[in-house]
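Heads up, the thing below is written out as structure tokens.
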Amino acid sequence: MKKSDKKRIELLDELRGFAILAMIVHHTFLDITYVLGFEWGERVFDKLCILQPVFWAIFIIISGICSRLSRNTAKRGVIVLGAGLVITLVTAVIMPALGFEGAEIYFGILHCLGTCMIITGLLMPLIEKINTFAGMGVSAVLFALTYTVSRGSLLFGLIPLPEALYKTNLLMPLGFFNGSFQSADYFAILPWLFMFLFGAFFGKYAKDGAFPKWTYDSHAKPLSFVGRNSLWFYLGHQPVIFGVLILISFIIK
């Protein structure tokens, strides 16, 4: 990889913008069923779920990479976590009061990313001292090891975890919860912290300006715009979609 004099890696913004737009389209199909009552929307949503891990990986790894470029990752994490808490307030308190139930989000992608940013920001002095390949390798192994924590095991079911961890929902942010827990969007710290850290270690190349030259060039300005403003698009997409669908419901009735 050749060192570049440019600072902004446009490809990261474009990929993040693509992931956000894909997520918005995916959520729209579920909202179609929720607001308009068309069952085909949920069927399409379920079929598209097979692609979800790809978009999750793109978004979380890029967020990890960008944590290496941020002046204050922990501070950004507090802002993102705060935005997640606002979503919890809206979906778990305000929406039910207005008659919309079942869309509560208690620990979604913003809660998870904010927490990961805070942890990574606090660990950054240590991260910078660890060999990049070793850090990426250990992060990948720990991600695989903890991927099924929410299902009661480690290493894809080979190592069962104590049932006591799942008796309450107090450890829900970590991935431990019982059958009473429901969240319309849920990303536990385990295993996603390790995917984020994988990106943070890989981000050393971004910090050093050592990505391939073509990654610094602009390829799709609309995607780049969405990627640079991903937080606002995430916060605003559901109110906009709900508003449009409610308007459509009045028109077709």
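Letters A, B, ... mark the chains of the structure tokens in the order given; residue numbers begin at 1 per chain; ligand numbers begin at 1, in order shown.
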(message) Can you tell me which residues surround A:Leu21 at a distance of at most 9 Å, considering only C-alpha atoms, apart from same-chain residues fewer than 6 positions away, and format the answer as a PyMOL selection string?
(response) chain A and resi 223+226+233
(message) Report as a count of residues only all protein, DNA and RNA residues lying within 10 Å of stretch 112-120 of chain A, evaluated on only C-alpha atoms, omitting residues in the same chain fewer than 3 positions from it.
(response) 42
(request) Pick out the residues sitting within 12 Å of A:Met23, and hand them over as a ChimeraX atom specification; count only C-alpha atoms, and ignore anything fewer than 6 positions along from it in its own chain. (result) /A:16-17,29-30,45,48-49,51-56,58-59,109,185,230,233-234,237-238
(message) Taking 5 positions as the minimum chain separation for residues in the same chain, which residues sit within 8 Å of A:Thr132 when counting only C-alpha atoms? Answer as a VMD selection string.
(response) chain A and resid 201 to 202 204
(request) In Å, rounded to a single decimal, give me how far atom CA of A:Arg8 is from atom CA of A:Lys207. (result)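 According to the coordinates, atom CA of A:Lys207 and atom CA of A:Arg8 are separated by 10.2 Å.
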